[in-house]
>>> print(open('data19.cif').read())   # mmCIF, N, CA and C atoms, pLDDT in the B column; chains and numbers go by the auth columns
data_work
#
loop_
_atom_site.group_PDB
_atom_site.id
_atom_site.type_symbol
_atom_site.label_atom_id
_atom_site.label_comp_id
_atom_site.label_asym_id
_atom_site.label_seq_id
_atom_site.Cartn_x
_atom_site.Cartn_y
_atom_site.Cartn_z
_atom_site.B_iso_or_equiv
_atom_site.auth_seq_id
_atom_site.auth_asym_id
ATOM 1 N N MET A 1 -4.799 21.341 -5.228 42.00 1 A
ATOM 2 C CA MET A 1 -3.739 20.410 -4.906 42.00 1 A
ATOM 3 C C MET A 1 -2.701 20.427 -6.023 42.00 1 A
ATOM 4 N N VAL A 2 -1.438 20.584 -5.667 38.00 2 A
ATOM 5 C CA VAL A 2 -0.354 20.621 -6.637 38.00 2 A
ATOM 6 C C VAL A 2 0.155 19.210 -6.867 38.00 2 A
ATOM 7 N N LYS A 3 0.206 18.806 -8.139 49.00 3 A
ATOM 8 C CA LYS A 3 0.708 17.472 -8.478 49.00 3 A
ATOM 9 C C LYS A 3 2.210 17.547 -8.673 49.00 3 A
ATOM 10 N N THR A 4 2.944 16.756 -7.912 56.00 4 A
ATOM 11 C CA THR A 4 4.397 16.754 -8.055 56.00 4 A
ATOM 12 C C THR A 4 4.813 15.657 -9.031 56.00 4 A
ATOM 13 N N ILE A 5 5.949 15.866 -9.645 61.00 5 A
ATOM 14 C CA ILE A 5 6.481 14.874 -10.576 61.00 5 A
ATOM 15 C C ILE A 5 7.319 13.886 -9.780 61.00 5 A
ATOM 16 N N ILE A 6 6.920 12.636 -9.807 70.00 6 A
ATOM 17 C CA ILE A 6 7.622 11.592 -9.066 70.00 6 A
ATOM 18 C C ILE A 6 8.757 11.021 -9.911 70.00 6 A
ATOM 19 N N LEU A 7 8.441 10.595 -11.125 72.00 7 A
ATOM 20 C CA LEU A 7 9.424 9.971 -12.001 72.00 7 A
ATOM 21 C C LEU A 7 10.145 11.057 -12.788 72.00 7 A
ATOM 22 N N GLU A 8 11.418 11.293 -12.501 71.00 8 A
ATOM 23 C CA GLU A 8 12.161 12.344 -13.184 71.00 8 A
ATOM 24 C C GLU A 8 12.534 11.924 -14.598 71.00 8 A
ATOM 25 N N LYS A 9 13.115 10.728 -14.736 75.00 9 A
ATOM 26 C CA LYS A 9 13.408 10.209 -16.073 75.00 9 A
ATOM 27 C C LYS A 9 13.653 8.718 -15.984 75.00 9 A
ATOM 28 N N ILE A 10 13.551 8.067 -17.143 76.00 10 A
ATOM 29 C CA ILE A 10 13.800 6.629 -17.192 76.00 10 A
ATOM 30 C C ILE A 10 15.281 6.415 -17.465 76.00 10 A
ATOM 31 N N LYS A 11 15.840 5.446 -16.798 79.00 11 A
ATOM 32 C CA LYS A 11 17.260 5.149 -16.960 79.00 11 A
ATOM 33 C C LYS A 11 17.400 4.097 -18.051 79.00 11 A
ATOM 34 N N SER A 12 18.354 4.305 -18.970 77.00 12 A
ATOM 35 C CA SER A 12 18.506 3.400 -20.089 77.00 12 A
ATOM 36 C C SER A 12 19.982 3.081 -20.330 77.00 12 A
ATOM 37 N N THR A 13 20.349 1.833 -20.068 81.00 13 A
ATOM 38 C CA THR A 13 21.685 1.335 -20.380 81.00 13 A
ATOM 39 C C THR A 13 21.494 -0.039 -21.025 81.00 13 A
ATOM 40 N N GLU A 14 22.559 -0.600 -21.543 88.00 14 A
ATOM 41 C CA GLU A 14 22.449 -1.929 -22.156 88.00 14 A
ATOM 42 C C GLU A 14 21.998 -2.966 -21.131 88.00 14 A
ATOM 43 N N LYS A 15 22.535 -2.877 -19.928 89.00 15 A
ATOM 44 C CA LYS A 15 22.159 -3.827 -18.879 89.00 15 A
ATOM 45 C C LYS A 15 20.673 -3.695 -18.533 89.00 15 A
ATOM 46 N N LEU A 16 20.186 -2.475 -18.451 87.00 16 A
ATOM 47 C CA LEU A 16 18.776 -2.269 -18.119 87.00 16 A
ATOM 48 C C LEU A 16 17.858 -2.719 -19.249 87.00 16 A
ATOM 49 N N VAL A 17 18.307 -2.583 -20.493 89.00 17 A
ATOM 50 C CA VAL A 17 17.501 -3.072 -21.612 89.00 17 A
ATOM 51 C C VAL A 17 17.382 -4.597 -21.531 89.00 17 A
ATOM 52 N N ARG A 18 18.455 -5.272 -21.129 91.00 18 A
ATOM 53 C CA ARG A 18 18.388 -6.731 -20.937 91.00 18 A
ATOM 54 C C ARG A 18 17.421 -7.075 -19.803 91.00 18 A
ATOM 55 N N GLN A 19 17.421 -6.261 -18.736 91.00 19 A
ATOM 56 C CA GLN A 19 16.495 -6.510 -17.622 91.00 19 A
ATOM 57 C C GLN A 19 15.045 -6.298 -18.059 91.00 19 A
ATOM 58 N N ILE A 20 14.819 -5.331 -18.927 90.00 20 A
ATOM 59 C CA ILE A 20 13.464 -5.109 -19.438 90.00 20 A
ATOM 60 C C ILE A 20 12.988 -6.361 -20.163 90.00 20 A
ATOM 61 N N GLU A 21 13.851 -6.910 -21.002 91.00 21 A
ATOM 62 C CA GLU A 21 13.461 -8.064 -21.810 91.00 21 A
ATOM 63 C C GLU A 21 13.363 -9.358 -20.992 91.00 21 A
ATOM 64 N N SER A 22 14.303 -9.573 -20.078 94.00 22 A
ATOM 65 C CA SER A 22 14.327 -10.860 -19.379 94.00 22 A
ATOM 66 C C SER A 22 13.569 -10.860 -18.045 94.00 22 A
ATOM 67 N N ASP A 23 13.680 -9.780 -17.275 94.00 23 A
ATOM 68 C CA ASP A 23 13.108 -9.763 -15.927 94.00 23 A
ATOM 69 C C ASP A 23 11.857 -8.897 -15.779 94.00 23 A
ATOM 70 N N ASN A 24 11.441 -8.205 -16.845 94.00 24 A
ATOM 71 C CA ASN A 24 10.248 -7.343 -16.811 94.00 24 A
ATOM 72 C C ASN A 24 10.420 -6.192 -15.822 94.00 24 A
ATOM 73 N N ILE A 25 11.620 -5.566 -15.818 94.00 25 A
ATOM 74 C CA ILE A 25 11.951 -4.497 -14.878 94.00 25 A
ATOM 75 C C ILE A 25 12.232 -3.199 -15.627 94.00 25 A
ATOM 76 N N LEU A 26 11.687 -2.091 -15.115 92.00 26 A
ATOM 77 C CA LEU A 26 11.994 -0.750 -15.602 92.00 26 A
ATOM 78 C C LEU A 26 12.736 0.005 -14.505 92.00 26 A
ATOM 79 N N ALA A 27 13.618 0.923 -14.882 90.00 27 A
ATOM 80 C CA ALA A 27 14.376 1.698 -13.893 90.00 27 A
ATOM 81 C C ALA A 27 14.114 3.182 -14.114 90.00 27 A
ATOM 82 N N PHE A 28 13.786 3.877 -13.029 90.00 28 A
ATOM 83 C CA PHE A 28 13.508 5.309 -13.082 90.00 28 A
ATOM 84 C C PHE A 28 14.391 6.035 -12.082 90.00 28 A
ATOM 85 N N ILE A 29 14.797 7.245 -12.428 88.00 29 A
ATOM 86 C CA ILE A 29 15.498 8.106 -11.482 88.00 29 A
ATOM 87 C C ILE A 29 14.445 8.958 -10.795 88.00 29 A
ATOM 88 N N VAL A 30 14.451 8.941 -9.462 89.00 30 A
ATOM 89 C CA VAL A 30 13.472 9.691 -8.675 89.00 30 A
ATOM 90 C C VAL A 30 14.205 10.504 -7.612 89.00 30 A
ATOM 91 N N ASP A 31 13.484 11.406 -6.973 86.00 31 A
ATOM 92 C CA ASP A 31 14.043 12.191 -5.882 86.00 31 A
ATOM 93 C C ASP A 31 14.238 11.291 -4.665 86.00 31 A
ATOM 94 N N ARG A 32 15.222 11.626 -3.833 88.00 32 A
ATOM 95 C CA ARG A 32 15.516 10.793 -2.666 88.00 32 A
ATOM 96 C C ARG A 32 14.370 10.744 -1.666 88.00 32 A
ATOM 97 N N ALA A 33 13.524 11.745 -1.648 87.00 33 A
ATOM 98 C CA ALA A 33 12.446 11.813 -0.662 87.00 33 A
ATOM 99 C C ALA A 33 11.219 10.983 -1.046 87.00 33 A
ATOM 100 N N ILE A 34 11.220 10.412 -2.235 87.00 34 A
ATOM 101 C CA ILE A 34 10.062 9.666 -2.723 87.00 34 A
ATOM 102 C C ILE A 34 10.081 8.245 -2.163 87.00 34 A
ATOM 103 N N SER A 35 8.909 7.785 -1.728 91.00 35 A
ATOM 104 C CA SER A 35 8.814 6.430 -1.160 91.00 35 A
ATOM 105 C C SER A 35 8.499 5.411 -2.257 91.00 35 A
ATOM 106 N N LYS A 36 8.674 4.133 -1.903 93.00 36 A
ATOM 107 C CA LYS A 36 8.376 3.056 -2.846 93.00 36 A
ATOM 108 C C LYS A 36 6.899 3.045 -3.225 93.00 36 A
ATOM 109 N N LYS A 37 6.034 3.320 -2.259 94.00 37 A
ATOM 110 C CA LYS A 37 4.595 3.330 -2.532 94.00 37 A
ATOM 111 C C LYS A 37 4.237 4.429 -3.529 94.00 37 A
ATOM 112 N N GLU A 38 4.858 5.599 -3.395 92.00 38 A
ATOM 113 C CA GLU A 38 4.597 6.689 -4.336 92.00 38 A
ATOM 114 C C GLU A 38 5.064 6.318 -5.743 92.00 38 A
ATOM 115 N N VAL A 39 6.213 5.659 -5.846 91.00 39 A
ATOM 116 C CA VAL A 39 6.706 5.211 -7.154 91.00 39 A
ATOM 117 C C VAL A 39 5.730 4.200 -7.749 91.00 39 A
ATOM 118 N N ARG A 40 5.295 3.231 -6.936 94.00 40 A
ATOM 119 C CA ARG A 40 4.345 2.212 -7.395 94.00 40 A
ATOM 120 C C ARG A 40 3.055 2.852 -7.922 94.00 40 A
ATOM 121 N N ASP A 41 2.479 3.766 -7.154 93.00 41 A
ATOM 122 C CA ASP A 41 1.235 4.407 -7.557 93.00 41 A
ATOM 123 C C ASP A 41 1.405 5.213 -8.841 93.00 41 A
ATOM 124 N N GLU A 42 2.512 5.929 -8.958 90.00 42 A
ATOM 125 C CA GLU A 42 2.764 6.756 -10.138 90.00 42 A
ATOM 126 C C GLU A 42 2.914 5.907 -11.400 90.00 42 A
ATOM 127 N N VAL A 43 3.672 4.823 -11.312 91.00 43 A
ATOM 128 C CA VAL A 43 3.864 3.944 -12.478 91.00 43 A
ATOM 129 C C VAL A 43 2.542 3.304 -12.878 91.00 43 A
ATOM 130 N N GLU A 44 1.779 2.838 -11.899 93.00 44 A
ATOM 131 C CA GLU A 44 0.493 2.211 -12.209 93.00 44 A
ATOM 132 C C GLU A 44 -0.474 3.201 -12.859 93.00 44 A
ATOM 133 N N ASN A 45 -0.489 4.443 -12.395 91.00 45 A
ATOM 134 C CA ASN A 45 -1.400 5.443 -12.960 91.00 45 A
ATOM 135 C C ASN A 45 -0.956 5.921 -14.338 91.00 45 A
ATOM 136 N N LEU A 46 0.335 6.164 -14.513 89.00 46 A
ATOM 137 C CA LEU A 46 0.827 6.703 -15.783 89.00 46 A
ATOM 138 C C LEU A 46 0.752 5.700 -16.931 89.00 46 A
ATOM 139 N N PHE A 47 1.122 4.450 -16.660 91.00 47 A
ATOM 140 C CA PHE A 47 1.269 3.479 -17.733 91.00 47 A
ATOM 141 C C PHE A 47 0.179 2.418 -17.755 91.00 47 A
ATOM 142 N N ASP A 48 -0.800 2.494 -16.851 93.00 48 A
ATOM 143 C CA ASP A 48 -1.917 1.564 -16.790 93.00 48 A
ATOM 144 C C ASP A 48 -1.431 0.112 -16.698 93.00 48 A
ATOM 145 N N VAL A 49 -0.541 -0.140 -15.742 95.00 49 A
ATOM 146 C CA VAL A 49 0.011 -1.469 -15.499 95.00 49 A
ATOM 147 C C VAL A 49 -0.107 -1.794 -14.015 95.00 49 A
ATOM 148 N N LYS A 50 0.215 -3.014 -13.639 96.00 50 A
ATOM 149 C CA LYS A 50 0.250 -3.424 -12.236 96.00 50 A
ATOM 150 C C LYS A 50 1.699 -3.729 -11.865 96.00 50 A
ATOM 151 N N VAL A 51 2.135 -3.221 -10.716 96.00 51 A
ATOM 152 C CA VAL A 51 3.510 -3.374 -10.262 96.00 51 A
ATOM 153 C C VAL A 51 3.588 -4.534 -9.280 96.00 51 A
ATOM 154 N N ALA A 52 4.563 -5.415 -9.490 97.00 52 A
ATOM 155 C CA ALA A 52 4.772 -6.542 -8.580 97.00 52 A
ATOM 156 C C ALA A 52 5.663 -6.142 -7.417 97.00 52 A
ATOM 157 N N LYS A 53 6.742 -5.381 -7.706 96.00 53 A
ATOM 158 C CA LYS A 53 7.711 -5.057 -6.663 96.00 53 A
ATOM 159 C C LYS A 53 8.485 -3.807 -7.049 96.00 53 A
ATOM 160 N N VAL A 54 8.879 -3.026 -6.045 96.00 54 A
ATOM 161 C CA VAL A 54 9.728 -1.845 -6.258 96.00 54 A
ATOM 162 C C VAL A 54 10.950 -1.981 -5.360 96.00 54 A
ATOM 163 N N ARG A 55 12.128 -1.903 -5.975 96.00 55 A
ATOM 164 C CA ARG A 55 13.391 -1.865 -5.223 96.00 55 A
ATOM 165 C C ARG A 55 14.025 -0.512 -5.485 96.00 55 A
ATOM 166 N N THR A 56 14.733 0.012 -4.500 95.00 56 A
ATOM 167 C CA THR A 56 15.397 1.299 -4.684 95.00 56 A
ATOM 168 C C THR A 56 16.873 1.191 -4.352 95.00 56 A
ATOM 169 N N HIS A 57 17.623 2.076 -4.978 93.00 57 A
ATOM 170 C CA HIS A 57 19.070 2.148 -4.757 93.00 57 A
ATOM 171 C C HIS A 57 19.433 3.628 -4.719 93.00 57 A
ATOM 172 N N THR A 58 20.017 4.089 -3.620 93.00 58 A
ATOM 173 C CA THR A 58 20.400 5.493 -3.491 93.00 58 A
ATOM 174 C C THR A 58 21.849 5.656 -3.923 93.00 58 A
ATOM 175 N N LEU A 59 22.051 6.621 -4.806 83.00 59 A
ATOM 176 C CA LEU A 59 23.373 6.869 -5.363 83.00 59 A
ATOM 177 C C LEU A 59 23.591 8.372 -5.390 83.00 59 A
ATOM 178 N N LYS A 60 24.543 8.842 -4.579 82.00 60 A
ATOM 179 C CA LYS A 60 24.825 10.266 -4.431 82.00 60 A
ATOM 180 C C LYS A 60 23.561 11.007 -4.049 82.00 60 A
ATOM 181 N N ASN A 61 23.060 11.891 -4.902 82.00 61 A
ATOM 182 C CA ASN A 61 21.901 12.697 -4.527 82.00 61 A
ATOM 183 C C ASN A 61 20.611 12.231 -5.196 82.00 61 A
ATOM 184 N N LYS A 62 20.649 11.098 -5.880 84.00 62 A
ATOM 185 C CA LYS A 62 19.466 10.588 -6.570 84.00 62 A
ATOM 186 C C LYS A 62 19.154 9.179 -6.091 84.00 62 A
ATOM 187 N N LYS A 63 17.929 8.775 -6.335 90.00 63 A
ATOM 188 C CA LYS A 63 17.496 7.423 -6.011 90.00 63 A
ATOM 189 C C LYS A 63 17.060 6.767 -7.313 90.00 63 A
ATOM 190 N N ILE A 64 17.487 5.530 -7.524 91.00 64 A
ATOM 191 C CA ILE A 64 17.061 4.772 -8.693 91.00 64 A
ATOM 192 C C ILE A 64 16.028 3.757 -8.215 91.00 64 A
ATOM 193 N N ALA A 65 14.864 3.777 -8.850 92.00 65 A
ATOM 194 C CA ALA A 65 13.790 2.851 -8.502 92.00 65 A
ATOM 195 C C ALA A 65 13.686 1.792 -9.594 92.00 65 A
ATOM 196 N N TYR A 66 13.862 0.527 -9.192 94.00 66 A
ATOM 197 C CA TYR A 66 13.714 -0.592 -10.111 94.00 66 A
ATOM 198 C C TYR A 66 12.313 -1.151 -9.911 94.00 66 A
ATOM 199 N N VAL A 67 11.485 -1.037 -10.948 94.00 67 A
ATOM 200 C CA VAL A 67 10.075 -1.391 -10.860 94.00 67 A
ATOM 201 C C VAL A 67 9.837 -2.677 -11.649 94.00 67 A
ATOM 202 N N LYS A 68 9.470 -3.748 -10.942 96.00 68 A
ATOM 203 C CA LYS A 68 9.163 -5.023 -11.600 96.00 68 A
ATOM 204 C C LYS A 68 7.653 -5.067 -11.837 96.00 68 A
ATOM 205 N N LEU A 69 7.279 -5.258 -13.098 96.00 69 A
ATOM 206 C CA LEU A 69 5.866 -5.326 -13.454 96.00 69 A
ATOM 207 C C LEU A 69 5.366 -6.759 -13.340 96.00 69 A
ATOM 208 N N LYS A 70 4.060 -6.904 -13.113 96.00 70 A
ATOM 209 C CA LYS A 70 3.467 -8.240 -13.073 96.00 70 A
ATOM 210 C C LYS A 70 3.556 -8.861 -14.464 96.00 70 A
ATOM 211 N N ALA A 71 3.519 -10.188 -14.521 93.00 71 A
ATOM 212 C CA ALA A 71 3.747 -10.922 -15.775 93.00 71 A
ATOM 213 C C ALA A 71 2.738 -10.575 -16.867 93.00 71 A
ATOM 214 N N ASP A 72 1.543 -10.147 -16.484 94.00 72 A
ATOM 215 C CA ASP A 72 0.515 -9.806 -17.473 94.00 72 A
ATOM 216 C C ASP A 72 0.828 -8.515 -18.227 94.00 72 A
ATOM 217 N N TYR A 73 1.768 -7.723 -17.731 94.00 73 A
ATOM 218 C CA TYR A 73 2.087 -6.414 -18.296 94.00 73 A
ATOM 219 C C TYR A 73 3.562 -6.385 -18.719 94.00 73 A
ATOM 220 N N PRO A 74 3.866 -6.606 -20.004 94.00 74 A
ATOM 221 C CA PRO A 74 5.264 -6.631 -20.446 94.00 74 A
ATOM 222 C C PRO A 74 5.927 -5.254 -20.355 94.00 74 A
ATOM 223 N N ALA A 75 7.099 -5.214 -19.748 92.00 75 A
ATOM 224 C CA ALA A 75 7.861 -3.967 -19.638 92.00 75 A
ATOM 225 C C ALA A 75 8.320 -3.482 -21.010 92.00 75 A
ATOM 226 N N VAL A 76 8.443 -4.397 -21.961 92.00 76 A
ATOM 227 C CA VAL A 76 8.855 -4.024 -23.321 92.00 76 A
ATOM 228 C C VAL A 76 7.835 -3.075 -23.927 92.00 76 A
ATOM 229 N N ASP A 77 6.545 -3.303 -23.666 92.00 77 A
ATOM 230 C CA ASP A 77 5.496 -2.424 -24.198 92.00 77 A
ATOM 231 C C ASP A 77 5.631 -1.010 -23.647 92.00 77 A
ATOM 232 N N VAL A 78 5.882 -0.885 -22.343 90.00 78 A
ATOM 233 C CA VAL A 78 6.042 0.433 -21.724 90.00 78 A
ATOM 234 C C VAL A 78 7.295 1.107 -22.267 90.00 78 A
ATOM 235 N N ALA A 79 8.389 0.349 -22.392 88.00 79 A
ATOM 236 C CA ALA A 79 9.638 0.904 -22.917 88.00 79 A
ATOM 237 C C ALA A 79 9.458 1.371 -24.357 88.00 79 A
ATOM 238 N N THR A 80 8.674 0.665 -25.138 89.00 80 A
ATOM 239 C CA THR A 80 8.409 1.059 -26.518 89.00 80 A
ATOM 240 C C THR A 80 7.618 2.367 -26.553 89.00 80 A
ATOM 241 N N LYS A 81 6.630 2.506 -25.673 87.00 81 A
ATOM 242 C CA LYS A 81 5.856 3.754 -25.594 87.00 81 A
ATOM 243 C C LYS A 81 6.751 4.939 -25.230 87.00 81 A
ATOM 244 N N LEU A 82 7.764 4.676 -24.391 84.00 82 A
ATOM 245 C CA LEU A 82 8.672 5.734 -23.955 84.00 82 A
ATOM 246 C C LEU A 82 9.798 5.984 -24.950 84.00 82 A
ATOM 247 N N GLY A 83 9.882 5.194 -26.003 80.00 83 A
ATOM 248 C CA GLY A 83 10.890 5.394 -27.032 80.00 83 A
ATOM 249 C C GLY A 83 12.246 4.800 -26.707 80.00 83 A
ATOM 250 N N MET A 84 12.301 3.866 -25.778 74.00 84 A
ATOM 251 C CA MET A 84 13.569 3.213 -25.419 74.00 84 A
ATOM 252 C C MET A 84 13.923 2.081 -26.357 74.00 84 A
ATOM 253 N N MET A 85 12.936 1.412 -26.895 71.00 85 A
ATOM 254 C CA MET A 85 13.173 0.212 -27.708 71.00 85 A
ATOM 255 C C MET A 85 12.821 0.492 -29.157 71.00 85 A
#
>>> encode(input="data19.cif", output="structure tokens")
Amino acid sequence: MVKTIILEKIKSTEKLVRQIESDNILAFIVDRAISKKEVRDEVENLFDVKVAKVRTHTLKNKKIAYVKLKADYPAVDVATKLGMM
């Protein structure tokens, strides 16, 4: 079985850093064909966290997935592991 890469890269802007701190949300750029469930499963497996909600926004040829983590799992910790903070 070939494992495909779901999360292409993490999106980082000043506004998104504020969302990480205040709303516990991370943003990833994914392929347009990827579903919300696939994003949820990938984030939970990679970072050992629980996802509360996934919202998506399609922009040109890419999809941005906004992943809200459950309150027990701070997004700041994941962002620190990824070198964003």
>>> resolve_selection(input="data19.cif", expression="the PyMOL selection byres ((chain A and resi 9) around 8)", output="PyMOL selection string")
chain A and resi 6-8+10-12+27-31
>>> closest_residue(input="data19.cif", among="A:Met84, A:Val78, A:Ile25, A:Ala33", to="Val49 (chain A)", atoms="only C-alpha atoms")
A:Val78
>>> resolve_selection(input="data19.cif", expression="the PyMOL selection byres (((chain A and resi 77 and name CA) around 12) and name CA)", output="list in words")
Ile20, Glu21, Asn24, Ile25, Leu26, Phe47, Asp48, Val49, Leu69, Asp72, Tyr73, Pro74, Ala75, Val76, Val78, Ala79, Thr80, Lys81, Leu82, Gly83, Met84 and Met85 of chain A
>>> select_by_dssp(input="data19.cif", residues="chain A", states="strand (DSSP E)", output="list of chain:residue names")
A:Leu7, A:Glu8, A:Lys9, A:Ile10, A:Ile25, A:Leu26, A:Ala27, A:Phe28, A:Ile29, A:Val30, A:Val51, A:Ala52, A:Lys53, A:Val54, A:Arg55, A:Thr56, A:His57, A:Thr58, A:Leu59, A:Lys62, A:Lys63, A:Ile64, A:Ala65, A:Tyr66, A:Val67, A:Lys68, A:Leu69
>>> select_by_dssp(input="data19.cif", residues="chain A", states="alpha helix (DSSP H)", output="mmCIF file with N, CA and C atoms, in the coordinates of the input")
data_model
loop_
_atom_site.group_PDB
_atom_site.id
_atom_site.type_symbol
_atom_site.label_atom_id
_atom_site.label_comp_id
_atom_site.auth_asym_id
_atom_site.auth_seq_id
_atom_site.Cartn_x
_atom_site.Cartn_y
_atom_site.Cartn_z
ATOM 1 N N GLU A 14 22.559 -0.600 -21.543
ATOM 2 C CA GLU A 14 22.449 -1.929 -22.156
ATOM 3 C C GLU A 14 21.998 -2.966 -21.131
ATOM 4 N N LYS A 15 22.535 -2.877 -19.928
ATOM 5 C CA LYS A 15 22.159 -3.827 -18.879
ATOM 6 C C LYS A 15 20.673 -3.695 -18.533
ATOM 7 N N LEU A 16 20.186 -2.475 -18.451
ATOM 8 C CA LEU A 16 18.776 -2.269 -18.119
ATOM 9 C C LEU A 16 17.858 -2.719 -19.249
ATOM 10 N N VAL A 17 18.307 -2.583 -20.493
ATOM 11 C CA VAL A 17 17.501 -3.072 -21.612
ATOM 12 C C VAL A 17 17.382 -4.597 -21.531
ATOM 13 N N ARG A 18 18.455 -5.272 -21.129
ATOM 14 C CA ARG A 18 18.388 -6.731 -20.937
ATOM 15 C C ARG A 18 17.421 -7.075 -19.803
ATOM 16 N N GLN A 19 17.421 -6.261 -18.736
ATOM 17 C CA GLN A 19 16.495 -6.510 -17.622
ATOM 18 C C GLN A 19 15.045 -6.298 -18.059
ATOM 19 N N ILE A 20 14.819 -5.331 -18.927
ATOM 20 C CA ILE A 20 13.464 -5.109 -19.438
ATOM 21 C C ILE A 20 12.988 -6.361 -20.163
ATOM 22 N N GLU A 21 13.851 -6.910 -21.002
ATOM 23 C CA GLU A 21 13.461 -8.064 -21.810
ATOM 24 C C GLU A 21 13.363 -9.358 -20.992
ATOM 25 N N SER A 22 14.303 -9.573 -20.078
ATOM 26 C CA SER A 22 14.327 -10.860 -19.379
ATOM 27 C C SER A 22 13.569 -10.860 -18.045
ATOM 28 N N ASP A 23 13.680 -9.780 -17.275
ATOM 29 C CA ASP A 23 13.108 -9.763 -15.927
ATOM 30 C C ASP A 23 11.857 -8.897 -15.779
ATOM 31 N N LYS A 36 8.674 4.133 -1.903
ATOM 32 C CA LYS A 36 8.376 3.056 -2.846
ATOM 33 C C LYS A 36 6.899 3.045 -3.225
ATOM 34 N N LYS A 37 6.034 3.320 -2.259
ATOM 35 C CA LYS A 37 4.595 3.330 -2.532
ATOM 36 C C LYS A 37 4.237 4.429 -3.529
ATOM 37 N N GLU A 38 4.858 5.599 -3.395
ATOM 38 C CA GLU A 38 4.597 6.689 -4.336
ATOM 39 C C GLU A 38 5.064 6.318 -5.743
ATOM 40 N N VAL A 39 6.213 5.659 -5.846
ATOM 41 C CA VAL A 39 6.706 5.211 -7.154
ATOM 42 C C VAL A 39 5.730 4.200 -7.749
ATOM 43 N N ARG A 40 5.295 3.231 -6.936
ATOM 44 C CA ARG A 40 4.345 2.212 -7.395
ATOM 45 C C ARG A 40 3.055 2.852 -7.922
ATOM 46 N N ASP A 41 2.479 3.766 -7.154
ATOM 47 C CA ASP A 41 1.235 4.407 -7.557
ATOM 48 C C ASP A 41 1.405 5.213 -8.841
ATOM 49 N N GLU A 42 2.512 5.929 -8.958
ATOM 50 C CA GLU A 42 2.764 6.756 -10.138
ATOM 51 C C GLU A 42 2.914 5.907 -11.400
ATOM 52 N N VAL A 43 3.672 4.823 -11.312
ATOM 53 C CA VAL A 43 3.864 3.944 -12.478
ATOM 54 C C VAL A 43 2.542 3.304 -12.878
ATOM 55 N N GLU A 44 1.779 2.838 -11.899
ATOM 56 C CA GLU A 44 0.493 2.211 -12.209
ATOM 57 C C GLU A 44 -0.474 3.201 -12.859
ATOM 58 N N ASN A 45 -0.489 4.443 -12.395
ATOM 59 C CA ASN A 45 -1.400 5.443 -12.960
ATOM 60 C C ASN A 45 -0.956 5.921 -14.338
ATOM 61 N N LEU A 46 0.335 6.164 -14.513
ATOM 62 C CA LEU A 46 0.827 6.703 -15.783
ATOM 63 C C LEU A 46 0.752 5.700 -16.931
ATOM 64 N N PHE A 47 1.122 4.450 -16.660
ATOM 65 C CA PHE A 47 1.269 3.479 -17.733
ATOM 66 C C PHE A 47 0.179 2.418 -17.755
ATOM 67 N N ALA A 75 7.099 -5.214 -19.748
ATOM 68 C CA ALA A 75 7.861 -3.967 -19.638
ATOM 69 C C ALA A 75 8.320 -3.482 -21.010
ATOM 70 N N VAL A 76 8.443 -4.397 -21.961
ATOM 71 C CA VAL A 76 8.855 -4.024 -23.321
ATOM 72 C C VAL A 76 7.835 -3.075 -23.927
ATOM 73 N N ASP A 77 6.545 -3.303 -23.666
ATOM 74 C CA ASP A 77 5.496 -2.424 -24.198
ATOM 75 C C ASP A 77 5.631 -1.010 -23.647
ATOM 76 N N VAL A 78 5.882 -0.885 -22.343
ATOM 77 C CA VAL A 78 6.042 0.433 -21.724
ATOM 78 C C VAL A 78 7.295 1.107 -22.267
ATOM 79 N N ALA A 79 8.389 0.349 -22.392
ATOM 80 C CA ALA A 79 9.638 0.904 -22.917
ATOM 81 C C ALA A 79 9.458 1.371 -24.357
ATOM 82 N N THR A 80 8.674 0.665 -25.138
ATOM 83 C CA THR A 80 8.409 1.059 -26.518
ATOM 84 C C THR A 80 7.618 2.367 -26.553
ATOM 85 N N LYS A 81 6.630 2.506 -25.673
ATOM 86 C CA LYS A 81 5.856 3.754 -25.594
ATOM 87 C C LYS A 81 6.751 4.939 -25.230
#
>>> atom_distance(input="data19.cif", atom1="CA of Ser35 (chain A)", atom2="CA of Thr56 (chain A)")
9.1 Å
>>> resolve_selection(input="data19.cif", expression="the PyMOL selection byres ((chain A and resi 51) around 7)", output="PyMOL selection string")
chain A and resi 40+43-44+49-50+52-54+67-70
>>> atom_distance(input="data19.cif", atom1="atom C of Lys60 (chain A)", atom2="atom C of Ser22 (chain A)")
27.8 Å
>>> closest_residue(input="data19.cif", among="A:Arg18, A:Thr58, A:Thr13, A:Ala65", to="Val39 (chain A)", atoms="all atoms listed in the file")
A:Ala65
>>> atom_distance(input="data19.cif", atom1="atom C of Lys63 (chain A)", atom2="CA of Leu16 (chain A)")
14.2 Å
